[in-house]
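Reproduced below: upload-v3.cif, with mmCIF, N, CA and C atoms.
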data_start
loop_
_atom_site.label_atom_id
_atom_site.label_comp_id
_atom_site.auth_asym_id
_atom_site.auth_seq_id
_atom_site.Cartn_x
_atom_site.Cartn_y
_atom_site.Cartn_z
N LEU A 1 0.82 -1.21 0.00
CA LEU A 1 0.00 0.00 0.00
C LEU A 1 0.86 1.26 0.00
N SER A 2 1.97 1.20 0.71
CA SER A 2 2.80 2.40 0.76
C SER A 2 3.40 2.71 -0.61
N ALA A 3 3.73 1.66 -1.39
CA ALA A 3 4.26 1.89 -2.74
C ALA A 3 3.19 2.51 -3.63
N LEU A 4 1.96 2.05 -3.50
CA LEU A 4 0.85 2.62 -4.28
C LEU A 4 0.60 4.07 -3.88
N ALA A 5 0.64 4.34 -2.59
CA ALA A 5 0.44 5.71 -2.11
C ALA A 5 1.55 6.63 -2.61
N GLU A 6 2.78 6.12 -2.61
CA GLU A 6 3.91 6.92 -3.10
C GLU A 6 3.76 7.21 -4.58
N LYS A 7 3.31 6.22 -5.35
CA LYS A 7 3.09 6.41 -6.78
C LYS A 7 2.01 7.47 -7.01
N ARG A 8 0.95 7.43 -6.20
CA ARG A 8 -0.13 8.42 -6.33
C ARG A 8 0.36 9.82 -6.00
N ARG A 9 1.18 9.93 -4.95
CA ARG A 9 1.72 11.24 -4.59
C ARG A 9 2.62 11.79 -5.70
N ALA A 10 3.42 10.92 -6.30
CA ALA A 10 4.29 11.35 -7.41
C ALA A 10 3.45 11.83 -8.58
N HIS A 11 2.37 11.13 -8.88
CA HIS A 11 1.48 11.55 -9.96
C HIS A 11 0.84 12.90 -9.63
N ALA A 12 0.42 13.07 -8.39
CA ALA A 12 -0.20 14.34 -7.97
C ALA A 12 0.80 15.49 -8.11
N GLN A 13 2.06 15.23 -7.78
CA GLN A 13 3.09 16.25 -7.93
C GLN A 13 3.30 16.61 -9.40
N GLN A 14 3.24 15.62 -10.27
CA GLN A 14 3.40 15.88 -11.70
C GLN A 14 2.23 16.69 -12.23
N VAL A 15 1.01 16.36 -11.80
CA VAL A 15 -0.17 17.12 -12.21
C VAL A 15 -0.03 18.57 -11.75
N GLU A 16 0.39 18.76 -10.51
CA GLU A 16 0.56 20.12 -9.99
C GLU A 16 1.65 20.86 -10.78
N HIS A 17 2.74 20.19 -11.07
CA HIS A 17 3.81 20.81 -11.87
C HIS A 17 3.26 21.24 -13.23
N ASN A 18 2.49 20.37 -13.89
CA ASN A 18 1.92 20.70 -15.20
C ASN A 18 0.96 21.88 -15.10
N ARG A 19 0.14 21.91 -14.04
CA ARG A 19 -0.79 23.04 -13.86
C ARG A 19 -0.05 24.36 -13.80
N VAL A 20 1.04 24.38 -13.04
CA VAL A 20 1.76 25.62 -12.79
C VAL A 20 2.70 25.98 -13.94
N HIS A 21 3.52 25.02 -14.38
CA HIS A 21 4.60 25.34 -15.33
C HIS A 21 4.22 25.19 -16.79
N ILE A 22 3.24 24.39 -17.09
CA ILE A 22 2.84 24.23 -18.50
C ILE A 22 1.58 25.03 -18.81
N LEU A 23 0.58 24.92 -17.94
CA LEU A 23 -0.67 25.63 -18.19
C LEU A 23 -0.68 27.05 -17.65
N GLY A 24 0.28 27.37 -16.78
CA GLY A 24 0.36 28.72 -16.23
C GLY A 24 -0.69 29.03 -15.18
N LEU A 25 -1.29 27.99 -14.60
CA LEU A 25 -2.30 28.20 -13.57
C LEU A 25 -1.64 28.36 -12.21
N ALA A 26 -2.37 28.91 -11.28
CA ALA A 26 -1.85 29.07 -9.92
C ALA A 26 -1.78 27.71 -9.24
N ALA A 27 -0.81 27.56 -8.36
CA ALA A 27 -0.71 26.32 -7.59
C ALA A 27 -1.91 26.21 -6.65
N SER A 28 -2.40 24.99 -6.48
CA SER A 28 -3.51 24.79 -5.56
C SER A 28 -3.11 23.79 -4.50
N PRO A 29 -3.50 24.02 -3.25
CA PRO A 29 -3.16 23.09 -2.19
C PRO A 29 -3.87 21.75 -2.39
N PRO A 30 -3.32 20.67 -1.85
CA PRO A 30 -3.91 19.34 -2.07
C PRO A 30 -5.35 19.22 -1.57
N VAL A 31 -5.69 19.90 -0.49
CA VAL A 31 -7.04 19.81 0.07
C VAL A 31 -7.60 21.22 0.22
N ARG A 32 -8.72 21.44 -0.44
CA ARG A 32 -9.39 22.74 -0.35
C ARG A 32 -10.81 22.51 0.13
N ILE A 33 -11.32 23.40 0.95
CA ILE A 33 -12.69 23.29 1.46
C ILE A 33 -13.47 24.51 1.01
N GLY A 34 -14.63 24.24 0.43
CA GLY A 34 -15.53 25.31 0.02
C GLY A 34 -16.92 25.04 0.57
N HIS A 35 -17.81 25.97 0.34
CA HIS A 35 -19.18 25.84 0.81
C HIS A 35 -20.14 25.98 -0.37
N THR A 36 -21.22 25.21 -0.36
CA THR A 36 -22.27 25.39 -1.35
C THR A 36 -23.21 26.47 -0.82
N ALA A 37 -24.15 26.90 -1.64
CA ALA A 37 -25.11 27.91 -1.24
C ALA A 37 -25.97 27.43 -0.05
N THR A 38 -26.13 26.12 0.08
CA THR A 38 -26.95 25.58 1.18
C THR A 38 -26.14 25.38 2.46
N GLY A 39 -24.82 25.66 2.42
CA GLY A 39 -24.00 25.56 3.62
C GLY A 39 -23.22 24.26 3.76
N THR A 40 -23.38 23.34 2.84
CA THR A 40 -22.64 22.08 2.88
C THR A 40 -21.17 22.36 2.61
N CYS A 41 -20.29 21.76 3.43
CA CYS A 41 -18.84 21.86 3.18
C CYS A 41 -18.50 20.84 2.10
N VAL A 42 -17.75 21.28 1.10
CA VAL A 42 -17.28 20.38 0.05
C VAL A 42 -15.77 20.31 0.15
N VAL A 43 -15.27 19.08 0.32
CA VAL A 43 -13.84 18.85 0.47
C VAL A 43 -13.29 18.43 -0.89
N HIS A 44 -12.37 19.19 -1.40
CA HIS A 44 -11.73 18.94 -2.69
C HIS A 44 -10.34 18.37 -2.41
N VAL A 45 -10.11 17.11 -2.78
CA VAL A 45 -8.82 16.46 -2.54
C VAL A 45 -8.15 16.21 -3.88
N ARG A 46 -7.06 16.91 -4.14
CA ARG A 46 -6.32 16.75 -5.41
C ARG A 46 -7.27 16.60 -6.60
N CYS A 47 -8.29 17.43 -6.61
CA CYS A 47 -9.29 17.34 -7.67
C CYS A 47 -8.91 18.23 -8.85
N SER A 48 -9.70 18.12 -9.89
CA SER A 48 -9.42 18.89 -11.10
C SER A 48 -10.17 20.21 -11.16
N CYS A 49 -10.85 20.56 -10.09
CA CYS A 49 -11.61 21.82 -10.08
C CYS A 49 -10.67 23.02 -10.08
N PRO A 50 -10.74 23.86 -11.10
CA PRO A 50 -9.85 25.01 -11.14
C PRO A 50 -10.26 26.08 -10.13
N HIS A 51 -11.52 26.06 -9.73
CA HIS A 51 -12.06 27.07 -8.83
C HIS A 51 -12.93 26.37 -7.79
N VAL A 52 -12.78 26.74 -6.54
CA VAL A 52 -13.60 26.17 -5.48
C VAL A 52 -14.57 27.24 -5.01
N GLU A 53 -15.85 26.92 -5.13
CA GLU A 53 -16.90 27.86 -4.75
C GLU A 53 -16.81 28.18 -3.26
N ARG A 54 -16.80 29.46 -2.94
CA ARG A 54 -16.77 29.94 -1.57
C ARG A 54 -15.64 29.29 -0.77
N LEU A 55 -14.43 29.39 -1.28
CA LEU A 55 -13.26 28.81 -0.64
C LEU A 55 -13.16 29.29 0.80
N ALA A 56 -13.07 28.32 1.71
CA ALA A 56 -13.01 28.67 3.13
C ALA A 56 -11.64 28.40 3.73
N ALA A 57 -10.97 27.35 3.26
CA ALA A 57 -9.68 26.98 3.84
C ALA A 57 -8.97 26.01 2.91
N HIS A 58 -7.68 25.81 3.17
CA HIS A 58 -6.92 24.81 2.43
C HIS A 58 -5.93 24.15 3.38
N TYR A 59 -5.63 22.88 3.10
CA TYR A 59 -4.78 22.07 3.98
C TYR A 59 -3.90 21.15 3.15
N GLU A 60 -2.90 20.58 3.80
CA GLU A 60 -1.99 19.65 3.14
C GLU A 60 -2.50 18.21 3.17
N HIS A 61 -3.46 17.89 4.04
CA HIS A 61 -3.95 16.51 4.17
C HIS A 61 -5.39 16.53 4.68
N VAL A 62 -6.17 15.51 4.31
CA VAL A 62 -7.57 15.47 4.74
C VAL A 62 -7.71 15.38 6.25
N SER A 63 -6.79 14.70 6.92
CA SER A 63 -6.89 14.61 8.38
C SER A 63 -6.74 15.98 9.03
N LEU A 64 -5.89 16.83 8.46
CA LEU A 64 -5.73 18.19 8.98
C LEU A 64 -6.99 19.02 8.72
N ALA A 65 -7.60 18.81 7.57
CA ALA A 65 -8.85 19.53 7.26
C ALA A 65 -9.95 19.12 8.23
N ALA A 66 -10.01 17.84 8.56
CA ALA A 66 -11.02 17.38 9.51
C ALA A 66 -10.77 17.97 10.89
N ASP A 67 -9.53 17.92 11.33
CA ASP A 67 -9.19 18.39 12.67
C ASP A 67 -9.39 19.90 12.81
N ALA A 68 -8.94 20.64 11.81
CA ALA A 68 -8.94 22.11 11.92
C ALA A 68 -10.21 22.78 11.42
N TRP A 69 -11.03 22.08 10.63
CA TRP A 69 -12.18 22.75 10.03
C TRP A 69 -13.49 21.97 10.18
N LEU A 70 -13.54 20.78 9.58
CA LEU A 70 -14.80 20.03 9.53
C LEU A 70 -15.34 19.65 10.90
N ASP A 71 -14.47 19.25 11.81
CA ASP A 71 -14.94 18.80 13.12
C ASP A 71 -15.21 19.95 14.09
N GLU A 72 -14.92 21.18 13.67
CA GLU A 72 -15.20 22.34 14.52
C GLU A 72 -16.70 22.54 14.72
N ASP A 73 -17.50 22.28 13.70
CA ASP A 73 -18.95 22.40 13.80
C ASP A 73 -19.57 21.05 13.47
N PRO A 74 -19.92 20.25 14.48
CA PRO A 74 -20.41 18.89 14.26
C PRO A 74 -21.78 18.80 13.60
N THR A 75 -22.40 19.92 13.31
CA THR A 75 -23.71 19.88 12.66
C THR A 75 -23.66 20.18 11.17
N THR A 76 -22.52 20.64 10.68
CA THR A 76 -22.39 20.99 9.27
C THR A 76 -22.33 19.75 8.40
N HIS A 77 -23.17 19.71 7.38
CA HIS A 77 -23.12 18.62 6.42
C HIS A 77 -21.87 18.78 5.57
N TRP A 78 -21.31 17.65 5.13
CA TRP A 78 -20.10 17.72 4.31
C TRP A 78 -20.10 16.58 3.31
N GLU A 79 -19.29 16.76 2.27
CA GLU A 79 -19.14 15.74 1.22
C GLU A 79 -17.84 16.00 0.49
N PHE A 80 -17.39 14.98 -0.27
CA PHE A 80 -16.23 15.15 -1.12
C PHE A 80 -16.67 15.66 -2.48
N CYS A 81 -15.82 16.43 -3.14
CA CYS A 81 -16.02 16.83 -4.52
C CYS A 81 -16.09 15.55 -5.36
N PRO A 82 -16.97 15.48 -6.34
CA PRO A 82 -17.09 14.26 -7.16
C PRO A 82 -15.83 13.88 -7.91
N THR A 83 -14.89 14.80 -8.12
CA THR A 83 -13.66 14.44 -8.83
C THR A 83 -12.50 14.14 -7.89
N SER A 84 -12.75 14.11 -6.58
CA SER A 84 -11.71 13.71 -5.62
C SER A 84 -11.50 12.20 -5.70
N PRO A 85 -10.34 11.72 -5.26
CA PRO A 85 -10.10 10.27 -5.25
C PRO A 85 -11.13 9.54 -4.40
N THR A 86 -11.41 8.30 -4.75
CA THR A 86 -12.41 7.52 -4.00
C THR A 86 -11.81 6.31 -3.30
N GLN A 87 -10.52 6.07 -3.46
CA GLN A 87 -9.84 5.00 -2.73
C GLN A 87 -9.23 5.59 -1.47
N ILE A 88 -9.63 5.05 -0.33
CA ILE A 88 -9.18 5.58 0.95
C ILE A 88 -8.31 4.55 1.65
N THR A 89 -7.16 4.98 2.13
CA THR A 89 -6.25 4.11 2.85
C THR A 89 -6.35 4.40 4.34
N THR A 90 -6.54 3.33 5.11
CA THR A 90 -6.61 3.42 6.57
C THR A 90 -5.61 2.43 7.15
N GLU A 91 -5.55 2.32 8.47
CA GLU A 91 -4.68 1.35 9.12
C GLU A 91 -5.07 -0.08 8.74
N LYS A 92 -6.33 -0.30 8.38
CA LYS A 92 -6.82 -1.64 8.07
C LYS A 92 -6.76 -1.98 6.58
N GLY A 93 -6.24 -1.09 5.77
CA GLY A 93 -6.12 -1.34 4.33
C GLY A 93 -6.77 -0.25 3.51
N THR A 94 -7.00 -0.57 2.23
CA THR A 94 -7.58 0.38 1.29
C THR A 94 -8.97 -0.09 0.89
N GLY A 95 -9.89 0.86 0.79
CA GLY A 95 -11.25 0.55 0.37
C GLY A 95 -11.83 1.68 -0.45
N ARG A 96 -12.95 1.40 -1.11
CA ARG A 96 -13.62 2.39 -1.94
C ARG A 96 -14.63 3.17 -1.08
N LEU A 97 -14.59 4.49 -1.20
CA LEU A 97 -15.51 5.37 -0.49
C LEU A 97 -16.95 5.05 -0.90
N THR A 98 -17.83 4.88 0.08
CA THR A 98 -19.24 4.66 -0.23
C THR A 98 -20.12 5.82 0.24
N SER A 99 -19.73 6.50 1.33
CA SER A 99 -20.52 7.65 1.78
C SER A 99 -19.75 8.46 2.83
N THR A 100 -20.26 9.64 3.10
CA THR A 100 -19.71 10.51 4.13
C THR A 100 -20.83 10.86 5.09
N SER A 101 -20.49 11.09 6.34
CA SER A 101 -21.49 11.49 7.34
C SER A 101 -20.76 11.97 8.59
N ARG A 102 -21.45 11.96 9.69
CA ARG A 102 -20.87 12.31 10.99
C ARG A 102 -21.20 11.19 11.97
N ASN A 103 -20.28 10.93 12.90
CA ASN A 103 -20.57 9.92 13.91
C ASN A 103 -21.29 10.54 15.10
N ASP A 104 -21.53 9.74 16.15
CA ASP A 104 -22.28 10.23 17.30
C ASP A 104 -21.53 11.31 18.09
N LYS A 105 -20.23 11.46 17.84
CA LYS A 105 -19.44 12.52 18.47
C LYS A 105 -19.39 13.78 17.61
N GLY A 106 -19.99 13.73 16.43
CA GLY A 106 -20.00 14.87 15.53
C GLY A 106 -18.80 14.93 14.60
N GLN A 107 -17.92 13.92 14.62
CA GLN A 107 -16.75 13.91 13.75
C GLN A 107 -17.15 13.55 12.32
N ALA A 108 -16.45 14.14 11.36
CA ALA A 108 -16.64 13.78 9.96
C ALA A 108 -16.11 12.35 9.79
N VAL A 109 -16.94 11.46 9.21
CA VAL A 109 -16.53 10.08 9.00
C VAL A 109 -16.77 9.68 7.55
N VAL A 110 -16.02 8.65 7.12
CA VAL A 110 -16.21 8.07 5.80
C VAL A 110 -16.55 6.60 5.97
N ARG A 111 -17.42 6.13 5.08
CA ARG A 111 -17.73 4.70 5.02
C ARG A 111 -17.06 4.17 3.77
N LEU A 112 -16.38 3.03 3.92
CA LEU A 112 -15.73 2.45 2.77
C LEU A 112 -15.93 0.95 2.73
N GLN A 113 -15.77 0.39 1.54
CA GLN A 113 -15.92 -1.04 1.30
C GLN A 113 -14.57 -1.58 0.84
N HIS A 114 -14.02 -2.53 1.62
CA HIS A 114 -12.75 -3.16 1.24
C HIS A 114 -13.01 -4.20 0.16
N THR A 115 -11.97 -4.58 -0.57
CA THR A 115 -12.11 -5.54 -1.66
C THR A 115 -12.54 -6.92 -1.17
N ASP A 116 -12.27 -7.24 0.09
CA ASP A 116 -12.69 -8.53 0.63
C ASP A 116 -14.12 -8.51 1.16
N GLY A 117 -14.82 -7.39 0.96
CA GLY A 117 -16.21 -7.28 1.36
C GLY A 117 -16.44 -6.62 2.71
N ARG A 118 -15.39 -6.46 3.49
CA ARG A 118 -15.54 -5.80 4.79
C ARG A 118 -15.91 -4.34 4.61
N GLY A 119 -16.78 -3.87 5.47
CA GLY A 119 -17.08 -2.45 5.50
C GLY A 119 -16.32 -1.82 6.65
N GLU A 120 -16.09 -0.54 6.56
CA GLU A 120 -15.39 0.17 7.62
C GLU A 120 -15.93 1.60 7.69
N VAL A 121 -16.10 2.07 8.90
CA VAL A 121 -16.44 3.47 9.14
C VAL A 121 -15.28 4.03 9.96
N ILE A 122 -14.71 5.12 9.46
CA ILE A 122 -13.54 5.69 10.13
C ILE A 122 -13.65 7.22 10.11
N ALA A 123 -13.22 7.82 11.21
CA ALA A 123 -13.18 9.28 11.28
C ALA A 123 -12.19 9.81 10.25
N LEU A 124 -12.55 10.86 9.57
CA LEU A 124 -11.69 11.45 8.54
C LEU A 124 -10.33 11.83 9.11
N ILE A 125 -10.30 12.19 10.35
CA ILE A 125 -9.04 12.58 10.99
C ILE A 125 -8.06 11.42 11.03
N ARG A 126 -8.55 10.16 10.87
CA ARG A 126 -7.69 8.98 10.94
C ARG A 126 -7.37 8.39 9.55
N VAL A 127 -7.81 9.04 8.49
CA VAL A 127 -7.52 8.57 7.13
C VAL A 127 -6.05 8.82 6.81
N SER A 128 -5.39 7.77 6.29
CA SER A 128 -3.96 7.89 5.96
C SER A 128 -3.74 8.58 4.61
N ASP A 129 -4.53 8.18 3.60
CA ASP A 129 -4.34 8.73 2.26
C ASP A 129 -5.59 8.51 1.44
N MET A 130 -5.69 9.24 0.36
CA MET A 130 -6.75 9.06 -0.64
C MET A 130 -6.06 8.94 -1.98
N ILE A 131 -6.38 7.85 -2.71
CA ILE A 131 -5.73 7.62 -3.99
C ILE A 131 -6.77 7.35 -5.06
#
Can you dump the structure from the file as structure tokens?
Amino acid sequence: LSALAEKRRAHAQQVEHNRVHILGLAASPPVRIGHTATGTCVVHVRCSCPHVERLAAHYEHVSLAADAWLDEDPTTHWEFCPTSPTQITTEKGTGRLTSTSRNDKGQAVVRLQHTDGRGEVIALIRVSDMI
């Protein structure tokens, strides 16, 4: 998994390099948080969106975004941008994102399905990587 994560990070760095040096676009942080008109937080993770509606914050990792922003207000609805990665790496392995919500403590959580059929619900603050 670490080799796959490293390969994904290298690809993300190449995409960012191309955005800045070939296309002449401004550099964008790996994780950006915006708001929809209805107040939902939208988390953009290494996505292709050139502009984030109502940009509120940016972070280097999803766990930092959860800790510093999403978990501050446990009642705010949140979701990932549709072009963000959907493979999530946790301590228990990698699985495909199935949904986002909040747990009984108000933390932002993700539900994922592992390839062996196991389901997992984990706080976003504990996510290792998204690929």
Rounded to one decimal place, report the atom N of Ala68 (chain A)-CA of Ser48 (chain A) distance in Å.
23.0 Å
Counting all atoms listed in the file, figure out which residue out of A:Pro74, A:Arg118, A:Ser63, A:Phe80 gets nearest to Gly95 (chain A).
A:Arg118
Can you tell me which residues surround Gly106 (chain A) at a distance of at most 7 Å, considering only C-alpha atoms, apart from same-chain residues fewer than 3 positions away, and format the answer as a ChimeraX atom specification?
/A:71,74-75,102-103
Counting only N, CA and C atoms, figure out which residue out of A:Cys47, A:Ala108, A:Glu72, A:Val52 gets nearest to Gly34 (chain A).
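Between A:Cys47, A:Ala108, A:Glu72, A:Val52, the residue approaching Gly34 (chain A) most closely is A:Val52.
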May I have the residues within 6.5 Å of Val45 (chain A) as a VMD selection string, using only N, CA and C atoms and disregarding those fewer than 4 positions away in the same chain?
chain A and resid 30 to 32 81 83 to 85
If you keep N, CA and C atoms, can you produce a file of those selected residues as a PDB file, in the frame of the given file?
ATOM      1  N   PRO A  30      -3.320  20.670  -1.850  1.00  0.00           N
ATOM      2  CA  PRO A  30      -3.910  19.340  -2.070  1.00  0.00           C
ATOM      3  C   PRO A  30      -5.350  19.220  -1.570  1.00  0.00           C
ATOM      4  N   VAL A  31      -5.690  19.900  -0.490  1.00  0.00           N
ATOM      5  CA  VAL A  31      -7.040  19.810   0.070  1.00  0.00           C
ATOM      6  C   VAL A  31      -7.600  21.220   0.220  1.00  0.00           C
ATOM      7  N   ARG A  32      -8.720  21.440  -0.440  1.00  0.00           N
ATOM      8  CA  ARG A  32      -9.390  22.740  -0.350  1.00  0.00           C
ATOM      9  C   ARG A  32     -10.810  22.510   0.130  1.00  0.00           C
ATOM     10  N   CYS A  81     -15.820  16.430  -3.140  1.00  0.00           N
ATOM     11  CA  CYS A  81     -16.020  16.830  -4.520  1.00  0.00           C
ATOM     12  C   CYS A  81     -16.090  15.550  -5.360  1.00  0.00           C
ATOM     13  N   THR A  83     -14.890  14.800  -8.120  1.00  0.00           N
ATOM     14  CA  THR A  83     -13.660  14.440  -8.830  1.00  0.00           C
ATOM     15  C   THR A  83     -12.500  14.140  -7.890  1.00  0.00           C
ATOM     16  N   SER A  84     -12.750  14.110  -6.580  1.00  0.00           N
ATOM     17  CA  SER A  84     -11.710  13.710  -5.620  1.00  0.00           C
ATOM     18  C   SER A  84     -11.500  12.200  -5.700  1.00  0.00           C
ATOM     19  N   PRO A  85     -10.340  11.720  -5.260  1.00  0.00           N
ATOM     20  CA  PRO A  85     -10.100  10.270  -5.250  1.00  0.00           C
ATOM     21  C   PRO A  85     -11.130   9.540  -4.400  1.00  0.00           C
TER      22      PRO A  85
END
As a check of understanding, name the residues that the PyMOL selection byres ((chain A and resi 55) around 8) selects in the supplied structure, as a count of residues only.
11
Kindly indicate which residue among A:Gln113, A:Asn18, A:Thr40, A:Ser101 lies nearest to Thr86 (chain A), using only C-alpha atoms for the distances.
A:Gln113
Spell out the residues picked by the PyMOL selection byres ((chain A and resi 77) around 6) here, as a short mmCIF file (atom, residue, chain, number, x, y, z; two decimals) with N, CA and C atoms, in the frame of the given file.
data_model
loop_
_atom_site.label_atom_id
_atom_site.label_comp_id
_atom_site.auth_asym_id
_atom_site.auth_seq_id
_atom_site.Cartn_x
_atom_site.Cartn_y
_atom_site.Cartn_z
N GLY A 39 -24.82 25.66 2.42
CA GLY A 39 -24.00 25.56 3.62
C GLY A 39 -23.22 24.26 3.76
N THR A 40 -23.38 23.34 2.84
CA THR A 40 -22.64 22.08 2.88
C THR A 40 -21.17 22.36 2.61
N CYS A 41 -20.29 21.76 3.43
CA CYS A 41 -18.84 21.86 3.18
C CYS A 41 -18.50 20.84 2.10
N THR A 75 -22.40 19.92 13.31
CA THR A 75 -23.71 19.88 12.66
C THR A 75 -23.66 20.18 11.17
N THR A 76 -22.52 20.64 10.68
CA THR A 76 -22.39 20.99 9.27
C THR A 76 -22.33 19.75 8.40
N TRP A 78 -21.31 17.65 5.13
CA TRP A 78 -20.10 17.72 4.31
C TRP A 78 -20.10 16.58 3.31
N GLU A 79 -19.29 16.76 2.27
CA GLU A 79 -19.14 15.74 1.22
C GLU A 79 -17.84 16.00 0.49
#
Have a look at atom C of Gln13 (chain A) and atom C of Val43 (chain A) and let me know their distance in Å, one decimal.
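Between atom C of Gln13 (chain A) and atom C of Val43 (chain A) the gap is 18.7 Å.
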Need the shell around Ala123 (chain A): protein/DNA/RNA residues with any atom at most 6.5 Å away, counting all atoms listed in the file. Skip same-chain ones fewer than 4 positions apart. Format as JSON, numbers by chain?
{"A": [107, 108, 109, 110, 127]}
Please report, as a short mmCIF file (atom, residue, chain, number, x, y, z; two decimals) with N, CA and C atoms, in the coordinates of the input, each residue of chain A to which DSSP assigns strand (DSSP E) when run on this structure's backbone.
data_model
loop_
_atom_site.label_atom_id
_atom_site.label_comp_id
_atom_site.auth_asym_id
_atom_site.auth_seq_id
_atom_site.Cartn_x
_atom_site.Cartn_y
_atom_site.Cartn_z
N VAL A 31 -5.69 19.90 -0.49
CA VAL A 31 -7.04 19.81 0.07
C VAL A 31 -7.60 21.22 0.22
N ARG A 32 -8.72 21.44 -0.44
CA ARG A 32 -9.39 22.74 -0.35
C ARG A 32 -10.81 22.51 0.13
N ILE A 33 -11.32 23.40 0.95
CA ILE A 33 -12.69 23.29 1.46
C ILE A 33 -13.47 24.51 1.01
N GLY A 34 -14.63 24.24 0.43
CA GLY A 34 -15.53 25.31 0.02
C GLY A 34 -16.92 25.04 0.57
N HIS A 35 -17.81 25.97 0.34
CA HIS A 35 -19.18 25.84 0.81
C HIS A 35 -20.14 25.98 -0.37
N CYS A 41 -20.29 21.76 3.43
CA CYS A 41 -18.84 21.86 3.18
C CYS A 41 -18.50 20.84 2.10
N VAL A 42 -17.75 21.28 1.10
CA VAL A 42 -17.28 20.38 0.05
C VAL A 42 -15.77 20.31 0.15
N VAL A 43 -15.27 19.08 0.32
CA VAL A 43 -13.84 18.85 0.47
C VAL A 43 -13.29 18.43 -0.89
N HIS A 44 -12.37 19.19 -1.40
CA HIS A 44 -11.73 18.94 -2.69
C HIS A 44 -10.34 18.37 -2.41
N VAL A 45 -10.11 17.11 -2.78
CA VAL A 45 -8.82 16.46 -2.54
C VAL A 45 -8.15 16.21 -3.88
N ALA A 57 -10.97 27.35 3.26
CA ALA A 57 -9.68 26.98 3.84
C ALA A 57 -8.97 26.01 2.91
N HIS A 58 -7.68 25.81 3.17
CA HIS A 58 -6.92 24.81 2.43
C HIS A 58 -5.93 24.15 3.38
N TYR A 59 -5.63 22.88 3.10
CA TYR A 59 -4.78 22.07 3.98
C TYR A 59 -3.90 21.15 3.15
N TRP A 78 -21.31 17.65 5.13
CA TRP A 78 -20.10 17.72 4.31
C TRP A 78 -20.10 16.58 3.31
N GLU A 79 -19.29 16.76 2.27
CA GLU A 79 -19.14 15.74 1.22
C GLU A 79 -17.84 16.00 0.49
N PHE A 80 -17.39 14.98 -0.27
CA PHE A 80 -16.23 15.15 -1.12
C PHE A 80 -16.67 15.66 -2.48
N GLN A 87 -10.52 6.07 -3.46
CA GLN A 87 -9.84 5.00 -2.73
C GLN A 87 -9.23 5.59 -1.47
N ILE A 88 -9.63 5.05 -0.33
CA ILE A 88 -9.18 5.58 0.95
C ILE A 88 -8.31 4.55 1.65
N THR A 89 -7.16 4.98 2.13
CA THR A 89 -6.25 4.11 2.85
C THR A 89 -6.35 4.40 4.34
N THR A 90 -6.54 3.33 5.11
CA THR A 90 -6.61 3.42 6.57
C THR A 90 -5.61 2.43 7.15
N GLY A 93 -6.24 -1.09 5.77
CA GLY A 93 -6.12 -1.34 4.33
C GLY A 93 -6.77 -0.25 3.51
N THR A 94 -7.00 -0.57 2.23
CA THR A 94 -7.58 0.38 1.29
C THR A 94 -8.97 -0.09 0.89
N GLY A 95 -9.89 0.86 0.79
CA GLY A 95 -11.25 0.55 0.37
C GLY A 95 -11.83 1.68 -0.45
N ARG A 96 -12.95 1.40 -1.11
CA ARG A 96 -13.62 2.39 -1.94
C ARG A 96 -14.63 3.17 -1.08
N LEU A 97 -14.59 4.49 -1.20
CA LEU A 97 -15.51 5.37 -0.49
C LEU A 97 -16.95 5.05 -0.90
N THR A 98 -17.83 4.88 0.08
CA THR A 98 -19.24 4.66 -0.23
C THR A 98 -20.12 5.82 0.24
N SER A 99 -19.73 6.50 1.33
CA SER A 99 -20.52 7.65 1.78
C SER A 99 -19.75 8.46 2.83
N THR A 100 -20.26 9.64 3.10
CA THR A 100 -19.71 10.51 4.13
C THR A 100 -20.83 10.86 5.09
N SER A 101 -20.49 11.09 6.34
CA SER A 101 -21.49 11.49 7.34
C SER A 101 -20.76 11.97 8.59
N ARG A 102 -21.45 11.96 9.69
CA ARG A 102 -20.87 12.31 10.99
C ARG A 102 -21.20 11.19 11.97
N ALA A 108 -16.45 14.14 11.36
CA ALA A 108 -16.64 13.78 9.96
C ALA A 108 -16.11 12.35 9.79
N VAL A 109 -16.94 11.46 9.21
CA VAL A 109 -16.53 10.08 9.00
C VAL A 109 -16.77 9.68 7.55
N VAL A 110 -16.02 8.65 7.12
CA VAL A 110 -16.21 8.07 5.80
C VAL A 110 -16.55 6.60 5.97
N ARG A 111 -17.42 6.13 5.08
CA ARG A 111 -17.73 4.70 5.02
C ARG A 111 -17.06 4.17 3.77
N LEU A 112 -16.38 3.03 3.92
CA LEU A 112 -15.73 2.45 2.77
C LEU A 112 -15.93 0.95 2.73
N GLN A 113 -15.77 0.39 1.54
CA GLN A 113 -15.92 -1.04 1.30
C GLN A 113 -14.57 -1.58 0.84
N HIS A 114 -14.02 -2.53 1.62
CA HIS A 114 -12.75 -3.16 1.24
C HIS A 114 -13.01 -4.20 0.16
N GLY A 119 -16.78 -3.87 5.47
CA GLY A 119 -17.08 -2.45 5.50
C GLY A 119 -16.32 -1.82 6.65
N GLU A 120 -16.09 -0.54 6.56
CA GLU A 120 -15.39 0.17 7.62
C GLU A 120 -15.93 1.60 7.69
N VAL A 121 -16.10 2.07 8.90
CA VAL A 121 -16.44 3.47 9.14
C VAL A 121 -15.28 4.03 9.96
N ILE A 122 -14.71 5.12 9.46
CA ILE A 122 -13.54 5.69 10.13
C ILE A 122 -13.65 7.22 10.11
N ALA A 123 -13.22 7.82 11.21
CA ALA A 123 -13.18 9.28 11.28
C ALA A 123 -12.19 9.81 10.25
N ASP A 129 -4.53 8.18 3.60
CA ASP A 129 -4.34 8.73 2.26
C ASP A 129 -5.59 8.51 1.44
N MET A 130 -5.69 9.24 0.36
CA MET A 130 -6.75 9.06 -0.64
C MET A 130 -6.06 8.94 -1.98
#
